[in-house]
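The structure appears below as structure tokens.
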Amino acid sequence: MSSTTITRTRHRLLPDARRVLAKPFLPGEEVLLAGPSRAGDLMARILAIPEARVGVLLEDVLGSFSPRHRAFNEILERHFQLVAYYIDPTVFVSPERRLLIGAYFTHEYSVEAAALFNPSIVLAPDQENLKAGERRFVLSLRAIGEGHLSSIEFRSGIIDAAGDLTFDPPGPYLVAGRRTAPIHYNKQLFSTKLTELGAGNDIAESALRPLSDKFTLADLEGSLGELEKHGPPPAVWFQTVQIIRVLASSNYVTTFPAGSALSERVIFPAGPNETHGMEDARFVRFIDDSGTATYYATYTAYDGFQIIPQLIETEDFVTFMITTLNGSAAQNKGMALFPRQIDGKYVMLSRKDRENLHLATSNDVRFWKDGTELCRPSKPWELLHIGNCGSPLETEAGWLVLTHGVGPMRQYAIGALLLDLEDPRQVIGHLPEPLLAPDATEREGYVPNVLYTCGGLINGDQLVLPYGFSDTGIGIAMVSLPELLAELRASGA
């Protein structure tokens with residue numbers, strides 16, 4: 001193990017199955033076989049309930065579930081509206097029956113039922129009303145529920161000058177954001193991504209040609225509608241049009257109620273590339289040349305067959321813009337953005353070949369083409385592969401990069417690299433031994449023998465290192481930054 005002084009704190013964040021979302025539920029939605037709609041049959045049965053019975057049934061539902069959800073009646077009404085097309089427009093539906101229908105088409109989903117792990121930590125946007133030496137932080141978390149479905153949660157708290165952390169109590173509810181289409185799509189990036197997805201053909205070109213450089217979802221649907229009416233036979237355009245619509249719906253905006261607490265907000269998979277989850281978000285507080293802070297996070301979208309790197313952007317942790325990452329360097333897992341531009345370019349770490357660390361630069365935060373190999377696994381504890389553990393941290397000695405390495409028995413441990421400040425392609429130091437590995441209390445869990453983080457925070461002379469252990473829970477370690485930097489400088493590349 002590394003000789004750097006490391007202290008594990010008392011903090012433990014563990015999954016809580018009581019934290020549930022009220023999500024739409026469509027009976028049979030998981031069944032792929034053709035046949036009559038179970039949802040339609042269910043609607044007919046609900047409509048047959050005598051009106052005098054409706055109020056009694058609704059009262060029971062509200063009594064059992066409204067204390068578990070914020071604005072529960074509004075949720076039921078929204079879910080009713082999702083299935084209202086099953087009802088003949090001439091049929092009157094009372095307000096009580098509308099809510100009862102909404103309840104039949106709703107279910108609770110426990111987002112943390114299986115695991116809570118792989119955190120990243122950044123300074124919060126709001127640093128007002130704090131005592132001297134205190135700073136407010138945001139911790140992102142990967143939560144896993146039924147079906148191994150990953151979503152993104154948050155916690156908040158305060159860290160003082162001595163490194164003592166105090167977490168805010170989690171809010172009593174969980175809320176999912178409202179999804180909307182982005183205001184505009186970038187035609188060039190959209191076309192580039194279609195090519196990467198294997199749909200850069202004449203059909204796609206004819207659909208995009210009438211569109212402006214910045215177009216809306218309505219513009220796109222109008223063009224696709226014309227193609228479908230006046231273009232070649234459906235057998236020719238169907239697959240390309242399907243890919244175009246999947247790409248469009250993979251770029252979206254999620255907005256949470258302003259009155260919700262940060263710890264109540266869940267970024268739940270909403271795009272077609274995320275049907276099996278949003279994995280390992282690496283948040284970074286990015287400062288542009290004017291000093292303005294924007295929060296970005298790279299994460300892995302998984303649809304059950306392939307993984308796609310995507311980007312989250314927010315300024316306030318209330319509204320989040322989700323977009324695809326494009327270019328030959330934006331492949332595979334583990335992309336992590338540097339917290340500022342270097343020589344006028346964005347810089348990103350990646351593991352595009354699934355084994356080695358790479359470094360890419362770009363003029364556009366969403367397009368990554370140029371990449372060079374940065375580091376290969378060379379130490380015994382990382383020989384299977386090496387990857388980053390979050391965005392690099394700027395120090396006077398260089399860019400501190402937390403890494404993960406996989407060794408014997410598929411044990412994951414956390415290590416570190418030191419890169420040159422001016423030219424991060426130059427590796428100054430590479431720890432010969434792990435900085436942190438699972439101890440006896442951390443090696444058992446959903447996936448044993450794993451220690452992993454998605455980003456740390458520098459607080460004075462300490463590195464605050466939140467980490468997930470065995471894909472089960474989260475711990476916090478405090479690392480002596482001067483000792484770690486000295487060890488890295490002495491290690492060499």
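Naming works like this for the structure tokens: A, B, ... for the chains as they're shown, residue 1 at the start of each chain, ligands 1 onward in shown order.
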If you run DSSP on this backbone, which residues of range 258-408 of chain A come out as strand (DSSP E), and could you give them as a VMD selection string? chain A and resid 265 to 266 278 to 287 293 to 302 307 to 314 319 to 324 336 to 337 346 to 350 357 to 362 370 to 375 385 to 388 393 to 395 398 to 406
Could you list, with a cut-off of 12 Å and counting only C-alpha atoms, the residues of range 220-325 of chain A near range 381-405 of chain A, each shown with its nearest atom pair and the distance in Å rounded to one decimal, rows sorted by chain and ascending number, as a tab-separated table?
residue	atom	partner	partner_atom	distance
A:Asp280	CA	A:Gly390	CA	9.3
A:Ala281	CA	A:Gly390	CA	8.7
A:Arg282	CA	A:Gly390	CA	5.4
A:Phe283	CA	A:Ser391	CA	7.5
A:Val284	CA	A:Ser391	CA	6.3
A:Arg285	CA	A:Ser391	CA	9.3
A:Phe286	CA	A:Ser391	CA	10.0
A:Tyr295	CA	A:Ser391	CA	11.7
A:Tyr296	CA	A:Ser391	CA	10.2
A:Ala297	CA	A:Ser391	CA	9.2
A:Thr298	CA	A:Gly390	CA	9.3
A:Tyr299	CA	A:Gly390	CA	10.6
Quick one: distance from CA of Glu96 in chain A to CA of Leu174 in chain A in Å, one decimal?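 If I compute the distance from CA of Glu96 in chain A to CA of Leu174 in chain A, I get 24.4 Å.
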Which parts of range 225-271 of chain A does DSSP call alpha helix (DSSP H) when run on the backbone here, written out as a ChimeraX atom specification? /A:225-230,234-249
Please provide the set of residues having any atom within 9 Å of Pro182 in chain A, restricted to only C-alpha atoms, with same-chain residues fewer than 6 positions apart removed, written as a PDB file with N, CA and C atoms, in the first residue's frame.
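Generated output (result.pdb):
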ATOM      1  N   THR A 216     -35.159  22.469 -34.177  1.00  0.00           N
ATOM      2  CA  THR A 216     -35.947  21.982 -33.054  1.00  0.00           C
ATOM      3  C   THR A 216     -36.447  20.571 -33.338  1.00  0.00           C
ATOM      4  N   LEU A 217     -36.990  19.936 -32.296  1.00  0.00           N
ATOM      5  CA  LEU A 217     -37.574  18.612 -32.474  1.00  0.00           C
ATOM      6  C   LEU A 217     -38.751  18.670 -33.445  1.00  0.00           C
ATOM      7  N   ASN A 251     -31.065  13.130 -26.481  1.00  0.00           N
ATOM      8  CA  ASN A 251     -30.678  14.479 -26.068  1.00  0.00           C
ATOM      9  C   ASN A 251     -31.916  15.161 -25.492  1.00  0.00           C
ATOM     10  N   TYR A 252     -31.875  15.472 -24.203  1.00  0.00           N
ATOM     11  CA  TYR A 252     -33.078  15.986 -23.568  1.00  0.00           C
ATOM     12  C   TYR A 252     -32.705  16.852 -22.357  1.00  0.00           C
ATOM     13  N   VAL A 253     -33.710  17.463 -21.765  1.00  0.00           N
ATOM     14  CA  VAL A 253     -33.539  18.307 -20.575  1.00  0.00           C
ATOM     15  C   VAL A 253     -34.403  17.737 -19.462  1.00  0.00           C
ATOM     16  N   MET A 321     -29.146  19.398 -18.643  1.00  0.00           N
ATOM     17  CA  MET A 321     -29.196  19.103 -20.067  1.00  0.00           C
ATOM     18  C   MET A 321     -28.356  17.863 -20.341  1.00  0.00           C
ATOM     19  N   ILE A 322     -28.956  16.877 -20.975  1.00  0.00           N
ATOM     20  CA  ILE A 322     -28.283  15.607 -21.274  1.00  0.00           C
ATOM     21  C   ILE A 322     -28.057  15.533 -22.781  1.00  0.00           C
TER      22      ILE A 322
END
Once you count only C-alpha atoms, what closest atom pair and distance in Å to one decimal does each residue of range 310-371 of chain A within 10 Å of range 196-200 of chain A have, with rows by chain and rising residue number, as a Markdown table?
| residue | atom | partner | partner_atom | distance |
| --- | --- | --- | --- | --- |
| A:Asn326 | CA | A:Glu196 | CA | 7.9 |
| A:Gly327 | CA | A:Glu196 | CA | 7.6 |
| A:Ser328 | CA | A:Glu196 | CA | 8.2 |
What does the distance between CA of Tyr109 in chain A and CA of Pro169 in chain A come to in Å, to one decimal place? 21.1 Å
With distances taken over only C-alpha atoms, which residue among A:Ile476, A:Leu220, A:Ile287, A:Ala103 lies nearest His11 in chain A? A:Ile476
Counting only C-alpha atoms, the residue among A:Glu373, A:Tyr412, A:Leu451, A:Lys23 that lies closest to Gln426 in chain A is A:Glu373
Rounded to one decimal, what separation in Å do you get between CA of His358 in chain A and CA of Ala493 in chain A?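 Value for the CA of His358 in chain A-CA of Ala493 in chain A distance: 15.1 Å.
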Using only C-alpha atoms, can you tell me which of A:Ile46, A:Ala39, A:Ile308, A:Ala336 comes closest to Arg97 in chain A?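 The closest residue to Arg97 in chain A is A:Ile46.
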Nearest to Leu484 in chain A by atom-to-atom distance, counting only C-alpha atoms, from A:Asp420, A:Arg12, A:Pro434, A:Leu349: A:Pro434
Please provide as a PyMOL selection string all residues within 6 Å of range 131-148 of chain A, with the sequence filter that same-chain residues fewer than 6 positions apart are discarded (counting only C-alpha atoms). chain A and resi 110-124+154-161
For Tyr185 in chain A, which residue out of A:Leu82, A:Ser64, A:Thr324, A:Ala261 is the nearest one, using only C-alpha atoms?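 Closest to Tyr185 in chain A, using only C-alpha atoms: A:Thr324.
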Please provide the set of residues having any atom within 10 Å of Lys214 in chain A, restricted to only C-alpha atoms, with same-chain residues fewer than 5 positions apart removed, written as a list in words. Ile183, His184, Tyr185, Asn186, Lys187, Gln188 and Asp219 of chain A
All residues 10 Å or closer to His107 in chain A, only C-alpha atoms, same chain fewer than 3 positions away omitted, as a short mmCIF file (atom, residue, chain, number, x, y, z; two decimals) with N, CA and C atoms, in the first residue's frame:
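out.cif written:
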data_model
loop_
_atom_site.label_atom_id
_atom_site.label_comp_id
_atom_site.auth_asym_id
_atom_site.auth_seq_id
_atom_site.Cartn_x
_atom_site.Cartn_y
_atom_site.Cartn_z
N VAL A 20 -38.30 5.80 -2.49
CA VAL A 20 -39.01 5.29 -3.66
C VAL A 20 -39.51 6.44 -4.55
N LEU A 21 -39.55 6.15 -5.83
CA LEU A 21 -40.17 7.03 -6.82
C LEU A 21 -41.52 6.45 -7.21
N ALA A 22 -42.49 7.32 -7.49
CA ALA A 22 -43.76 6.90 -8.07
C ALA A 22 -43.64 7.04 -9.58
N LYS A 23 -43.54 5.90 -10.28
CA LYS A 23 -43.28 5.89 -11.71
C LYS A 23 -44.49 5.36 -12.48
N PRO A 24 -44.62 5.76 -13.74
CA PRO A 24 -45.69 5.19 -14.56
C PRO A 24 -45.52 3.68 -14.69
N PHE A 25 -46.64 2.98 -14.71
CA PHE A 25 -46.63 1.53 -14.84
C PHE A 25 -47.64 1.13 -15.91
N LEU A 26 -47.14 0.44 -16.94
CA LEU A 26 -48.01 -0.05 -18.00
C LEU A 26 -47.97 -1.57 -17.99
N GLY A 102 -55.06 6.77 -12.45
CA GLY A 102 -53.64 7.08 -12.32
C GLY A 102 -52.94 6.13 -11.36
N ALA A 103 -53.62 5.76 -10.28
CA ALA A 103 -53.01 4.85 -9.30
C ALA A 103 -52.81 3.45 -9.87
N TYR A 104 -53.77 2.99 -10.68
CA TYR A 104 -53.60 1.68 -11.30
C TYR A 104 -52.44 1.65 -12.30
N SER A 110 -37.96 1.44 -5.94
CA SER A 110 -36.95 1.72 -4.93
C SER A 110 -35.59 1.87 -5.61
#
Using only C-alpha atoms, which protein or nucleic acid residues come within 8 Å of Arg265 in chain A? Drop anything in the same chain fewer than 5 positions from it, and give the result as a VMD selection string. chain A and resid 153 to 154 174 to 177 256 260
So that I have them on file, write out the residues from the current selection with C-alpha atoms, as a PDB file, in the first residue's frame.
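Dumped to out_23.pdb:
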ATOM      1  CA  GLU A 153     -28.856  10.692  -6.835  1.00  0.00           C
ATOM      2  CA  PHE A 154     -27.340  13.478  -4.731  1.00  0.00           C
ATOM      3  CA  LEU A 174     -37.783  11.363  -4.064  1.00  0.00           C
ATOM      4  CA  VAL A 175     -38.814  13.254  -7.185  1.00  0.00           C
ATOM      5  CA  ALA A 176     -38.066  12.568 -10.832  1.00  0.00           C
ATOM      6  CA  GLY A 177     -37.461  15.461 -13.195  1.00  0.00           C
ATOM      7  CA  PHE A 256     -36.849  19.377 -11.034  1.00  0.00           C
ATOM      8  CA  SER A 260     -37.430  20.053  -3.870  1.00  0.00           C
TER       9      SER A 260
END
Which one is closest to Ala477 in chain A: A:Gln462, A:Thr275, A:Ser191, A:Ser491? Count only C-alpha atoms.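 Closest candidate: A:Gln462.
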